[in-house]
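Undergrad: File name target.csv; file contents CSV, C-alpha atoms (C1' of nucleotides); full text below.
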```csv
chain,number,residue,atom,x,y,z
M,1,MET,CA,-8.2,15.3,32.7
M,2,ALA,CA,-6.0,15.7,29.7
M,3,THR,CA,-8.3,14.1,27.2
M,4,ASP,CA,-10.9,16.6,28.0
M,5,ASP,CA,-8.6,19.4,26.9
M,6,LEU,CA,-7.8,17.5,23.8
M,7,MET,CA,-11.5,16.9,23.0
M,8,THR,CA,-12.3,20.5,23.6
M,9,ARG,CA,-9.5,21.6,21.3
M,10,ALA,CA,-10.6,19.2,18.7
M,11,LEU,CA,-14.1,20.3,18.9
M,12,GLU,CA,-13.2,23.9,18.7
M,13,THR,CA,-11.0,23.2,15.7
M,14,LEU,CA,-13.5,21.2,13.8
M,15,GLY,CA,-16.9,22.7,14.5
M,16,ASP,CA,-19.9,20.5,14.9
M,17,ASP,CA,-20.2,19.0,11.5
M,18,GLY,CA,-20.8,15.4,10.6
M,19,PRO,CA,-20.7,12.0,12.2
M,20,LEU,CA,-17.1,11.3,11.4
M,21,SER,CA,-15.7,13.8,13.9
M,22,VAL,CA,-17.9,12.5,16.6
M,23,GLU,CA,-16.7,9.0,15.9
M,24,ALA,CA,-13.1,10.1,15.7
M,25,ILE,CA,-13.3,12.0,19.0
M,26,HIS,CA,-14.8,8.9,20.5
M,27,ARG,CA,-11.7,7.1,19.5
M,28,LEU,CA,-9.5,9.9,20.8
M,29,THR,CA,-11.1,10.1,24.2
M,30,ASP,CA,-12.4,6.7,25.0
M,31,LEU,CA,-9.1,5.4,26.1
M,32,ALA,CA,-10.3,5.6,29.7
M,33,ASP,CA,-12.8,2.7,29.3
M,34,VAL,CA,-10.4,0.2,27.7
M,35,PRO,CA,-11.2,-3.1,29.3
M,36,GLU,CA,-8.6,-5.3,30.9
M,37,SER,CA,-8.5,-7.5,27.8
M,38,MET,CA,-10.3,-7.8,24.5
M,39,MET,CA,-10.6,-10.3,21.8
M,40,ILE,CA,-9.7,-9.6,18.2
M,41,ASN,CA,-13.2,-8.8,17.1
M,42,GLU,CA,-13.8,-6.3,19.9
M,43,VAL,CA,-10.6,-4.5,19.1
M,44,ALA,CA,-11.5,-4.5,15.4
M,45,ASP,CA,-14.8,-3.0,16.2
M,46,LEU,CA,-13.3,-0.4,18.5
M,47,LEU,CA,-10.7,0.7,15.9
M,48,ASP,CA,-12.9,0.2,12.9
M,49,ILE,CA,-10.4,-2.0,11.2
M,50,SER,CA,-10.7,-5.6,10.2
M,51,PRO,CA,-9.3,-8.6,12.2
M,52,HIS,CA,-7.2,-9.3,9.1
M,53,THR,CA,-5.5,-5.9,9.5
M,54,LEU,CA,-5.0,-6.5,13.2
M,55,ARG,CA,-3.2,-9.8,12.5
M,56,TYR,CA,-1.2,-8.0,9.8
M,57,TYR,CA,-0.1,-5.4,12.2
M,58,GLU,CA,1.0,-8.0,14.6
M,59,ARG,CA,2.9,-9.9,11.9
M,60,ALA,CA,4.5,-6.6,11.0
M,61,GLY,CA,5.9,-6.4,14.5
M,62,LEU,CA,3.9,-3.4,15.5
M,63,VAL,CA,2.4,-5.0,18.6
M,64,GLU,CA,2.7,-8.2,20.6
M,65,VAL,CA,-0.5,-10.0,21.6
M,66,ALA,CA,-0.9,-12.8,24.0
M,67,ARG,CA,-2.9,-15.9,23.4
M,68,ASP,CA,-5.5,-17.7,25.6
M,69,SER,CA,-5.7,-21.4,26.2
M,70,ASN,CA,-7.3,-21.9,22.8
M,71,GLY,CA,-4.6,-20.0,21.0
M,72,HIS,CA,-6.9,-17.0,20.5
M,73,ARG,CA,-5.5,-13.5,20.7
M,74,VAL,CA,-6.0,-11.6,23.9
M,75,TYR,CA,-5.3,-7.9,23.7
M,76,ASP,CA,-4.5,-6.3,27.0
M,77,ALA,CA,-5.0,-2.6,27.6
M,78,GLU,CA,-1.5,-1.7,26.6
M,79,ALA,CA,-1.8,-3.4,23.3
M,80,VAL,CA,-5.1,-1.7,22.6
M,81,ARG,CA,-3.6,1.7,23.5
M,82,ARG,CA,-0.7,1.1,21.2
M,83,LEU,CA,-3.1,0.1,18.5
M,84,VAL,CA,-5.1,3.3,19.0
M,85,PHE,CA,-1.9,5.2,18.5
M,86,LEU,CA,-0.9,3.2,15.5
M,87,THR,CA,-4.3,3.4,13.9
M,88,ARG,CA,-4.3,7.2,14.3
M,89,MET,CA,-0.9,7.5,12.8
M,90,ARG,CA,-1.9,5.3,9.9
M,91,LEU,CA,-5.0,7.3,9.3
M,92,SER,CA,-3.0,10.5,9.2
M,93,GLY,CA,-0.7,8.9,6.5
M,94,MET,CA,2.3,7.7,8.3
M,95,PRO,CA,3.8,4.7,6.4
M,96,MET,CA,4.1,1.3,7.9
M,97,ARG,CA,7.9,1.4,7.7
M,98,ASP,CA,8.0,4.6,9.8
M,99,LEU,CA,5.6,3.0,12.3
M,100,GLN,CA,7.8,0.0,12.5
M,101,HIS,CA,10.8,2.2,13.1
M,102,TYR,CA,9.0,4.2,15.7
M,103,ILE,CA,7.9,1.1,17.6
M,104,SER,CA,11.4,-0.3,17.5
M,105,LEU,CA,12.5,2.9,19.2
M,106,VAL,CA,9.8,2.6,21.8
M,107,ASP,CA,10.9,-0.9,22.6
M,108,ALA,CA,14.5,0.2,22.7
M,109,GLY,CA,13.9,2.4,25.8
M,110,GLU,CA,13.9,5.9,27.0
M,111,GLN,CA,17.1,7.0,25.4
M,112,THR,CA,15.3,7.0,22.0
M,113,VAL,CA,12.9,9.7,23.0
M,114,PRO,CA,14.7,12.5,21.1
M,115,GLU,CA,14.5,10.5,17.9
M,116,ARG,CA,10.9,9.7,18.5
M,117,LEU,CA,10.2,13.3,19.1
M,118,ASP,CA,11.9,14.1,15.8
M,119,MET,CA,9.7,11.6,14.0
M,120,LEU,CA,6.6,13.2,15.6
M,121,LEU,CA,7.7,16.7,14.6
M,122,GLU,CA,8.3,15.6,11.1
M,123,HIS,CA,5.0,13.8,10.9
M,124,ARG,CA,3.3,16.9,12.3
M,125,ASP,CA,4.7,19.0,9.5
M,126,THR,CA,3.6,16.4,7.0
M,127,ILE,CA,0.1,16.5,8.3
M,128,ARG,CA,0.1,20.3,8.2
M,129,ARG,CA,1.4,20.3,4.6
M,130,ARG,CA,-1.3,17.8,3.7
M,131,ILE,CA,-4.0,20.0,5.3
M,132,ARG,CA,-2.8,23.0,3.4
M,133,GLU,CA,-2.9,21.0,0.1
M,134,LEU,CA,-6.4,19.8,0.8
M,135,THR,CA,-7.6,23.2,1.8
M,136,LEU,CA,-6.4,24.6,-1.5
M,137,SER,CA,-8.0,21.8,-3.4
M,138,LEU,CA,-11.2,22.4,-1.4
M,139,ALA,CA,-11.2,26.0,-2.4
M,140,ALA,CA,-10.7,25.1,-6.0
M,141,THR,CA,-13.4,22.5,-5.9
M,142,GLU,CA,-15.9,24.9,-4.2
M,143,TYR,CA,-15.1,27.6,-6.7
M,144,LYS,CA,-15.8,25.2,-9.5
M,145,ILE,CA,-19.0,24.1,-7.9
M,146,ALA,CA,-20.0,27.7,-7.6
M,147,THR,CA,-19.3,28.4,-11.3
M,148,TYR,CA,-21.1,25.3,-12.3
M,149,GLY,CA,-24.1,26.1,-10.1
M,150,GLY,CA,-24.9,29.5,-11.4
M,151,SER,CA,-23.3,32.6,-12.8
M,152,THR,CA,-20.6,31.4,-15.1
M,153,GLY,CA,-18.6,33.2,-17.6
M,154,PRO,CA,-15.4,33.0,-19.5
M,155,ASP,CA,-13.6,32.5,-16.2
M,156,VAL,CA,-14.8,29.0,-15.8
M,157,GLN,CA,-12.1,27.7,-18.0
M,158,ASP,CA,-9.7,29.0,-15.4
M,159,LEU,CA,-10.6,26.0,-13.3
M,160,ASP,CA,-11.6,23.5,-15.9
M,161,THR,CA,-10.9,22.4,-19.4
M,162,ALA,CA,-12.1,24.3,-22.3
M,163,THR,CA,-14.6,21.6,-23.5
M,164,ASP,CA,-15.9,21.7,-20.0
M,165,ARG,CA,-16.8,25.4,-20.3
M,166,THR,CA,-20.5,24.8,-19.6
M,167,THR,CA,-22.3,28.0,-19.0
M,168,LEU,CA,-25.8,26.9,-18.3
M,169,PRO,CA,-27.1,30.4,-19.2
M,170,HIS,CA,-30.8,29.6,-18.7
M,171,GLU,CA,-30.6,27.8,-15.3
M,172,PRO,CA,-31.4,29.8,-12.2
M,173,LEU,CA,-28.5,30.8,-10.0
M,174,ARG,CA,-28.0,27.7,-7.9
M,175,PRO,CA,-25.6,28.3,-5.0
M,176,ALA,CA,-23.4,25.5,-3.8
M,177,LEU,CA,-25.4,24.0,-1.0
M,178,ARG,CA,-26.6,20.4,-1.1
M,179,THR,CA,-24.4,18.9,1.5
M,180,ARG,CA,-24.9,15.6,-0.3
K,1,MET,CA,-10.4,38.4,-12.4
K,2,ALA,CA,-11.8,35.4,-10.7
K,3,THR,CA,-8.6,33.7,-10.0
K,4,ASP,CA,-7.6,36.7,-7.8
K,5,ASP,CA,-10.6,36.1,-5.6
K,6,LEU,CA,-9.6,32.5,-5.3
K,7,MET,CA,-6.0,33.2,-4.5
K,8,THR,CA,-7.1,35.7,-1.9
K,9,ARG,CA,-9.4,33.2,-0.3
K,10,ALA,CA,-6.7,30.5,-0.4
K,11,LEU,CA,-4.2,32.8,1.1
K,12,GLU,CA,-6.6,33.9,3.9
K,13,THR,CA,-7.4,30.3,4.6
K,14,LEU,CA,-3.8,29.1,4.7
K,15,GLY,CA,-1.8,31.8,6.2
K,16,ASP,CA,1.7,32.5,5.0
K,17,ASP,CA,3.4,29.4,5.9
K,18,GLY,CA,5.8,27.4,3.7
K,19,PRO,CA,6.8,27.1,0.1
K,20,LEU,CA,4.3,24.5,-0.8
K,21,SER,CA,1.3,26.8,-0.6
K,22,VAL,CA,3.1,29.3,-2.8
K,23,GLU,CA,3.9,26.7,-5.3
K,24,ALA,CA,0.3,25.4,-5.2
K,25,ILE,CA,-1.2,28.8,-5.6
K,26,HIS,CA,1.1,29.3,-8.5
K,27,ARG,CA,-0.5,26.4,-10.1
K,28,LEU,CA,-4.0,27.6,-9.2
K,29,THR,CA,-3.5,31.0,-10.7
K,30,ASP,CA,-1.0,30.7,-13.5
K,31,LEU,CA,-3.5,29.4,-15.9
K,32,ALA,CA,-3.5,32.7,-17.7
K,33,ASP,CA,0.0,32.3,-19.0
K,34,VAL,CA,-0.4,28.8,-20.5
K,35,PRO,CA,1.3,28.9,-23.8
K,36,GLU,CA,-0.3,27.9,-27.1
K,37,SER,CA,1.4,24.5,-27.0
K,38,MET,CA,3.9,22.7,-24.8
K,39,MET,CA,6.0,19.6,-25.1
K,40,ILE,CA,5.8,16.8,-22.5
K,41,ASN,CA,8.7,17.9,-20.4
K,42,GLU,CA,7.4,21.4,-20.1
K,43,VAL,CA,4.0,20.2,-19.0
K,44,ALA,CA,5.7,17.8,-16.6
K,45,ASP,CA,7.6,20.6,-15.0
K,46,LEU,CA,4.6,22.8,-14.8
K,47,LEU,CA,2.5,20.2,-13.1
K,48,ASP,CA,5.4,18.7,-11.1
K,49,ILE,CA,4.6,15.2,-12.3
K,50,SER,CA,6.7,12.9,-14.5
K,51,PRO,CA,6.4,12.5,-18.3
K,52,HIS,CA,5.7,8.8,-17.5
K,53,THR,CA,2.7,9.9,-15.5
K,54,LEU,CA,1.5,12.2,-18.3
K,55,ARG,CA,1.7,9.4,-20.8
K,56,TYR,CA,-0.1,7.2,-18.3
K,57,TYR,CA,-3.0,9.7,-18.0
K,58,GLU,CA,-3.3,9.8,-21.8
K,59,ARG,CA,-3.4,6.0,-22.0
K,60,ALA,CA,-6.0,6.1,-19.3
K,61,GLY,CA,-8.2,8.2,-21.6
K,62,LEU,CA,-8.1,11.3,-19.4
K,63,VAL,CA,-6.8,13.6,-22.1
K,64,GLU,CA,-6.1,13.6,-25.8
K,65,VAL,CA,-2.8,14.9,-27.0
K,66,ALA,CA,-1.8,15.7,-30.6
K,67,ARG,CA,1.6,14.8,-32.2
K,68,ASP,CA,4.0,16.8,-34.2
K,69,SER,CA,5.7,15.7,-37.4
K,70,ASN,CA,8.2,13.6,-35.3
K,71,GLY,CA,5.4,11.9,-33.4
K,72,HIS,CA,6.2,13.9,-30.3
K,73,ARG,CA,3.4,15.0,-28.0
K,74,VAL,CA,2.1,18.6,-28.4
K,75,TYR,CA,-0.1,19.7,-25.5
K,76,ASP,CA,-2.4,22.6,-26.5
K,77,ALA,CA,-3.7,25.0,-23.9
K,78,GLU,CA,-6.9,23.0,-23.5
K,79,ALA,CA,-5.1,19.8,-22.7
K,80,VAL,CA,-2.9,21.6,-20.2
K,81,ARG,CA,-5.9,23.2,-18.5
K,82,ARG,CA,-7.5,19.8,-18.3
K,83,LEU,CA,-4.3,18.3,-16.8
K,84,VAL,CA,-4.2,21.1,-14.3
K,85,PHE,CA,-7.7,20.1,-13.2
K,86,LEU,CA,-6.9,16.4,-13.2
K,87,THR,CA,-3.7,16.9,-11.2
K,88,ARG,CA,-5.5,18.9,-8.6
K,89,MET,CA,-8.2,16.3,-8.3
K,90,ARG,CA,-5.6,13.5,-8.0
K,91,LEU,CA,-3.8,15.5,-5.4
K,92,SER,CA,-6.9,15.9,-3.3
K,93,GLY,CA,-7.5,12.1,-3.5
K,94,MET,CA,-10.0,11.5,-6.3
K,95,PRO,CA,-9.4,8.0,-7.7
K,96,MET,CA,-8.5,7.5,-11.3
K,97,ARG,CA,-11.7,5.7,-12.1
K,98,ASP,CA,-13.8,8.7,-10.9
K,99,LEU,CA,-11.6,11.0,-12.9
K,100,GLN,CA,-12.2,8.7,-15.9
K,101,HIS,CA,-15.9,8.8,-15.4
K,102,TYR,CA,-15.9,12.6,-14.9
K,103,ILE,CA,-14.0,13.1,-18.2
K,104,SER,CA,-16.4,10.8,-20.0
K,105,LEU,CA,-19.2,13.1,-18.8
K,106,VAL,CA,-17.3,16.1,-20.0
K,107,ASP,CA,-16.9,14.6,-23.4
K,108,ALA,CA,-20.5,13.6,-23.5
K,109,GLY,CA,-21.7,17.1,-23.5
K,110,GLU,CA,-23.6,19.7,-21.5
K,111,GLN,CA,-26.5,17.5,-20.5
K,112,THR,CA,-24.1,15.7,-18.1
K,113,VAL,CA,-23.5,18.9,-16.0
K,114,PRO,CA,-25.8,17.8,-13.2
K,115,GLU,CA,-24.0,14.6,-12.7
K,116,ARG,CA,-20.7,16.3,-12.9
K,117,LEU,CA,-21.9,18.7,-10.2
K,118,ASP,CA,-22.9,15.8,-8.1
K,119,MET,CA,-19.4,14.3,-8.4
K,120,LEU,CA,-17.9,17.6,-7.4
K,121,LEU,CA,-20.2,18.0,-4.4
K,122,GLU,CA,-19.3,14.5,-3.2
K,123,HIS,CA,-15.7,15.1,-3.7
K,124,ARG,CA,-15.9,18.4,-1.8
K,125,ASP,CA,-17.4,16.5,1.1
K,126,THR,CA,-14.7,13.9,0.9
K,127,ILE,CA,-12.0,16.6,1.1
K,128,ARG,CA,-13.8,18.2,4.1
K,129,ARG,CA,-14.0,14.9,5.8
K,130,ARG,CA,-10.3,14.2,5.2
K,131,ILE,CA,-9.4,17.6,6.5
K,132,ARG,CA,-11.3,17.0,9.6
K,133,GLU,CA,-9.6,13.6,10.1
K,134,LEU,CA,-6.2,15.2,9.6
K,135,THR,CA,-7.0,18.1,11.9
K,136,LEU,CA,-7.8,15.6,14.6
K,137,SER,CA,-4.7,13.6,14.0
K,138,LEU,CA,-2.7,16.9,14.0
K,139,ALA,CA,-4.1,17.8,17.4
K,140,ALA,CA,-3.3,14.4,18.8
K,141,THR,CA,0.2,14.5,17.4
K,142,GLU,CA,0.8,18.0,18.8
K,143,TYR,CA,-0.5,16.9,22.1
K,144,LYS,CA,1.9,14.0,22.1
K,145,ILE,CA,4.8,16.2,21.2
K,146,ALA,CA,3.9,18.5,24.0
K,147,THR,CA,3.8,15.7,26.6
K,148,TYR,CA,7.1,14.3,25.2
K,149,GLY,CA,8.7,17.7,25.2
K,150,GLY,CA,8.2,18.7,28.8
K,151,SER,CA,5.8,18.2,31.7
K,152,THR,CA,4.6,14.7,31.4
K,153,GLY,CA,2.6,12.6,33.8
K,154,PRO,CA,0.4,9.6,33.9
K,155,ASP,CA,-1.7,11.2,31.3
K,156,VAL,CA,0.8,10.5,28.6
K,157,GLN,CA,-0.5,7.0,28.2
K,158,ASP,CA,-3.8,8.5,27.1
K,159,LEU,CA,-2.1,9.1,23.7
K,160,ASP,CA,0.4,6.5,23.6
K,161,THR,CA,1.2,2.9,24.6
K,162,ALA,CA,2.1,2.1,28.2
K,163,THR,CA,5.7,1.1,27.4
K,164,ASP,CA,6.0,4.5,25.7
K,165,ARG,CA,5.1,6.3,28.9
K,166,THR,CA,8.4,8.2,29.0
K,167,THR,CA,8.4,10.9,31.6
K,168,LEU,CA,11.7,12.6,31.2
K,169,PRO,CA,11.5,14.0,34.7
K,170,HIS,CA,14.8,15.8,34.7
K,171,GLU,CA,14.7,17.4,31.4
K,172,PRO,CA,13.7,21.1,31.2
K,173,LEU,CA,10.3,21.9,29.8
K,174,ARG,CA,10.9,21.9,26.1
K,175,PRO,CA,7.9,23.3,24.2
K,176,ALA,CA,7.2,21.9,20.8
K,177,LEU,CA,8.9,24.3,18.5
K,178,ARG,CA,11.6,23.2,16.1
K,179,THR,CA,9.6,23.6,12.8
K,180,ARG,CA,12.4,21.6,11.2
Z,1,DG,C1',-21.0,-37.5,17.5
Z,2,DT,C1',-21.5,-34.3,14.2
Z,3,DT,C1',-22.3,-29.7,12.9
Z,4,DT,C1',-21.7,-24.8,13.4
Z,5,DG,C1',-19.0,-21.1,14.3
Z,6,DC,C1',-15.2,-18.5,15.3
Z,7,DG,C1',-10.7,-18.5,15.8
Z,8,DT,C1',-5.7,-19.9,14.2
Z,9,DT,C1',-1.4,-19.9,10.6
Z,10,DC,C1',0.6,-19.2,6.2
Z,11,DG,C1',1.3,-17.6,1.9
Z,12,DA,C1',-0.7,-15.8,-2.1
Z,13,DG,C1',-3.3,-12.3,-4.5
Z,14,DC,C1',-5.2,-7.7,-5.3
Z,15,DG,C1',-6.1,-2.8,-6.4
Z,16,DC,C1',-4.1,1.4,-7.0
Z,17,DG,C1',-1.1,4.5,-9.2
Z,18,DC,C1',2.5,4.9,-11.0
Z,19,DT,C1',7.4,3.6,-12.7
Z,20,DC,C1',10.5,1.5,-15.5
Z,21,DG,C1',13.0,-1.0,-19.3
Z,22,DA,C1',13.5,-2.5,-24.0
Z,23,DA,C1',13.5,-1.5,-28.6
Z,24,DG,C1',13.1,1.8,-32.0
Z,25,DC,C1',12.8,6.6,-34.6
Z,26,DC,C1',14.5,11.1,-35.6
Z,27,DA,C1',17.4,15.3,-35.4
Z,28,DT,C1',21.1,17.9,-34.3
Z,29,DA,C1',26.3,18.0,-32.9
Z,30,DG,C1',30.8,16.9,-33.7
N,1,DC,C1',28.9,9.4,-40.9
N,2,DT,C1',28.3,8.1,-36.6
N,3,DA,C1',26.9,9.2,-32.0
N,4,DT,C1',24.2,11.3,-28.6
N,5,DG,C1',20.0,12.5,-26.7
N,6,DG,C1',15.3,12.8,-26.3
N,7,DC,C1',11.3,11.3,-27.7
N,8,DT,C1',7.9,7.2,-29.0
N,9,DT,C1',5.2,2.5,-27.9
N,10,DC,C1',4.3,-1.4,-25.3
N,11,DG,C1',4.0,-4.4,-21.6
N,12,DA,C1',5.9,-5.7,-17.4
N,13,DG,C1',7.1,-4.7,-12.6
N,14,DC,C1',6.8,-2.5,-8.2
N,15,DG,C1',5.6,-0.6,-3.5
N,16,DC,C1',2.2,-0.1,-0.5
N,17,DG,C1',-1.4,-1.8,2.5
N,18,DC,C1',-4.1,-4.6,3.0
N,19,DT,C1',-7.3,-8.8,1.9
N,20,DC,C1',-8.3,-13.3,1.1
N,21,DG,C1',-8.4,-18.4,0.9
N,22,DA,C1',-7.1,-22.9,2.4
N,23,DA,C1',-6.5,-26.0,5.8
N,24,DC,C1',-6.9,-26.7,10.4
N,25,DG,C1',-8.4,-26.6,15.8
N,26,DC,C1',-11.3,-26.2,19.5
N,27,DA,C1',-15.8,-25.7,21.9
N,28,DA,C1',-20.5,-25.2,22.7
N,29,DA,C1',-25.3,-26.6,20.5
N,30,DC,C1',-28.1,-30.0,18.9
```
Re-express the file's structure as structure tokens.

TA:
Amino acid sequence: MATDDLMTRALETLGDDGPLSVEAIHRLTDLADVPESMMINEVADLLDISPHTLRYYERAGLVEVARDSNGHRVYDAEAVRRLVFLTRMRLSGMPMRDLQHYISLVDAGEQTVPERLDMLLEHRDTIRRRIRELTLSLAATEYKIATYGGSTGPDVQDLDTATDRTTLPHEPLRPALRTR
Amino acid sequence: MATDDLMTRALETLGDDGPLSVEAIHRLTDLADVPESMMINEVADLLDISPHTLRYYERAGLVEVARDSNGHRVYDAEAVRRLVFLTRMRLSGMPMRDLQHYISLVDAGEQTVPERLDMLLEHRDTIRRRIRELTLSLAATEYKIATYGGSTGPDVQDLDTATDRTTLPHEPLRPALRTR
DNA sequence: GTTTGCGTTCGAGCGCGCTCGAAGCCATAG
DNA sequence: CTATGGCTTCGAGCGCGCTCGAACGCAAAC
């Protein structure tokens, strides 16, 4: 099953840290057990977004949702799968307008696949760029934590302002652990 | 020199890809050559933000900037270093209000160091979480690109909507290269 | 039959982080 | 002596992505 491969890769990539990855992998992999149809609150719980946002996405033209006899929304499996995709793209920073364009391509048929692929490739590069930025910021932040936590010197100002050059000379060397 | 260590770590972490990391490392390491004083456009160029934004940060209380005889802003080395820090924190997603709080702590003196440290630790965790999210989204996007680009099957719907289940059965297997 | 509760539509409002425009000052260039 | 250009202050506006409130409908519980 393909999702197994993906989950494996994701787990390898991420390590075993934290509840968020578990939750996210859940969302990545649990597409198999999407029910026939769901009501708005179930979908909201599944995707961890508000019913308001789901209605907003529908208004924005990202997904069509049927109604039951009471006028209540009934999300079929296709709609849910699309929303999983949309939610993931939103989470990774793709703007609403791009999503709208992408969906319009999807609805336009197979001949738009090349353009969709282009969008995905571009988005992939955007994510990579963002990860690199964040990795850099993480390194800088960890460095600053390390200097704050223990052996500091004149180098501290390299990563901070001058007035922030706190040396804490009498505190014991406190390495940067404390995962919160 | 401590920045050398940092640069080394950053380079190791990131690999050699792309102009952005070079540019960013430049900003990480080039704190040594900060001039005595700079005018607003020089600082804006250095940090790759607009003069508007620099004035905005000053209005927000994040940094104090002196004026010359013409009333023009003169950024001393300390202000520039602080702005480097602030810009990096903004880039990694720290909200303005947190930055304002952090700066108020800095200005309050050394006894606020523990709280500053707490903020940094929390921010570090936020960055890590975000990186994990993005890594997951990246894997999903790459998987989708792979299925779009070549051998597809019923599994495609695992990562997409049902109407988007484009199989392209007659196209040659086109692996996901094209780095754009 | 009324109340409770959860859904509906629609448009307005909000929080964030800029971004811009107007009006004015000053200095150097032509 | 103008004119040009770049800075200043101030407040207003904007783009994004929600988020909310008002007014209403239906249905099961009491």

Undergrad: Using all atoms listed in the file, which residue out of N:DC10, N:DG17, N:DT2, N:DC24 lies closest to chain K?

TA: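 Using all atoms listed in the file, chain K sits closest to N:DC10.
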
Undergrad: Env of Ala60 in chain K: 10 Å cut, atoms = all atoms listed in the file, seq-sep filter 6 positions within chain, self excluded. Answer as a list of chain:residue names.

TA: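 Residues meeting the cut-off are K:Leu54, K:Met96, K:Arg97, K:Leu99, K:Gln100.
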
Undergrad: In Å, with one decimal, what is the gap from CA of Gly93 in chain K to CA of Thr126 in chain K?

TA: 8.6 Å

Undergrad: Which residues of chain M have any atom within 10 Å of an atom in chain Z when counting all atoms listed in the file, and what is the closest pair of atoms for each, with the distance in Å to one decimal? Order the rows by chain and rising number and write it as JSON lines.

TA:
```
{"residue": "M:Ile40", "atom": "CA", "partner": "Z:DG7", "partner_atom": "C1'", "distance": 9.3}
{"residue": "M:Asn70", "atom": "CA", "partner": "Z:DG7", "partner_atom": "C1'", "distance": 8.5}
{"residue": "M:Gly71", "atom": "CA", "partner": "Z:DT8", "partner_atom": "C1'", "distance": 6.9}
{"residue": "M:His72", "atom": "CA", "partner": "Z:DG7", "partner_atom": "C1'", "distance": 6.2}
{"residue": "M:Arg73", "atom": "CA", "partner": "Z:DG7", "partner_atom": "C1'", "distance": 8.7}
```

Undergrad: Which value, in Å to one decimal, gives the distance between CA of His101 in chain K and CA of Ser92 in chain M?

TA: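 CA of Ser92 in chain M lies at a distance of 27.8 Å from CA of His101 in chain K.
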
Undergrad: Kindly determine which residues of chain N lie within 12 Å of chain K, considering only C-alpha atoms (C1' of nucleotides), and give the answer as a ChimeraX atom specification.

TA: /N:6-10

Undergrad: Might you pull out every residue within 10 Å of Met39 in chain M, with only C-alpha atoms (C1' of nucleotides) counted and same-chain residues fewer than 2 positions away left off, and present them as a PyMOL selection string?

TA: chain M and resi 37+41-44+51+67-68+72-76

Undergrad: Find the residues with any atom within 12 Å of (-2.6, 8.6, 7.2); use all atoms listed in the file and the coordinates as given in the file, and write the answer as a PyMOL selection string.

TA: (chain M and resi 85-96+98-99+123-124+126-127+130-131) or (chain K and resi 130-131+133-138) or (chain N and resi 17)

Undergrad: Let me make sure I understand: among K:Glu36, K:Glu115, K:Glu110, K:Glu58, which one has the smallest atom-to-atom distance to chain M if we use all atoms listed in the file?

TA: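 So, comparing all the options, the nearest one is K:Glu110.
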
Undergrad: Between CA of Leu121 in chain M and CA of Ser104 in chain M, what distance in Å does the model show, to one decimal?

TA: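 So the answer is 17.6 Å.
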